[in-house]
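Chemist: Handing you this structure, nothing more for now.
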Amino acid sequence: MRRVRAMFAKYGKKLMCWPEMMADPLGQLWAPGVNVDDTKAATTHGAKTVMAPAFTVHLDMKYAENVPSAGVGNDWTGHLDVKDMHDWDPLTAQDGVPADAVHGVDAPLFTELVHSPTDIQELAFP
């Protein structure tokens, strides 16, 4: 891992990883409740986190059983509520992660169940 970090530093980049590897400098909290202890531990030692909770901002999730249409979008988190997506606060999204440890927000759209530009639009702009 040291070599990887050195390579990133050489080019002025930062390594971002999931919480289980988040010793430093930047991690991504993608599922509140999953690896939260790793995130909390890392942030108490100065690491930063990007908030990307799947239950709130993963744009590839369905909004209802058939919305978008069958075969498009994921549903492993359940169905996302558009109001919840708009109203969440990344600074308070996870207990035990201090607001000053939040480096930013990511809203992923994984495309294994996206088949066209129309599907992307329907998922990203409900």
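Labels used: A, B, ... for chains in the order of the structure tokens, numbers from 1 for residues in each chain, and numbers from 1 for ligands as shown.
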Apply DSSP to the structure's backbone, then extract all residues of chain A labelled strand (DSSP E) and return them as a PyMOL selection string.
Modeler: chain A and resi 16-17+26-29+48-51+102-105
Chemist: Give me the residues of segment 24-85 of chain A that have any atom at most 7 Å from an atom of segment 97-110 of chain A; for each, the nearest atom pair and the distance in Å, rounded to one decimal. Use only C-alpha atoms, sort by chain and number, and format it as a tab-separated table.
Modeler:
```
residue	atom	partner	partner_atom	distance
A:Lys40	CA	A:Val97	CA	5.6
A:Thr43	CA	A:Ala101	CA	6.0
A:Ala47	CA	A:Ala101	CA	6.8
A:Lys48	CA	A:Ala101	CA	4.6
A:Thr49	CA	A:Val102	CA	5.1
A:Val50	CA	A:Gly104	CA	4.8
A:Met51	CA	A:Val105	CA	4.7
A:Ala52	CA	A:Asp106	CA	4.9
A:Val57	CA	A:Ala107	CA	5.1
A:His58	CA	A:Pro108	CA	5.0
A:Leu59	CA	A:Leu109	CA	4.8
A:Asp60	CA	A:Leu109	CA	4.6
```
Chemist: Quick check for you: according to DSSP on this backbone, which residues of chain A are classed as helix (DSSP H, G or I)? Reply as a PyMOL selection string.
Modeler: chain A and resi 2-10+19-21+36-44+54-57+82-87+99-101+117-124
Chemist: Just to confirm, what's the straight-line distance from atom CA of Val67 of chain A to atom CA of Asp119 of chain A in Å (one decimal)?
Modeler: 10.4 Å
Chemist: Provide the atom CA of Thr118 of chain A to atom CA of Gln28 of chain A distance in Å, to one decimal place.
Modeler: 28.2 Å
Chemist: Can you tell me, as an MDAnalysis selection string, what residues are no more than 12 Å from segment 68-80 of chain A when counting only C-alpha atoms, ignoring any on the same chain fewer than 6 positions away?
Modeler: chainID A and resid 30:32 53:62 86 108:126
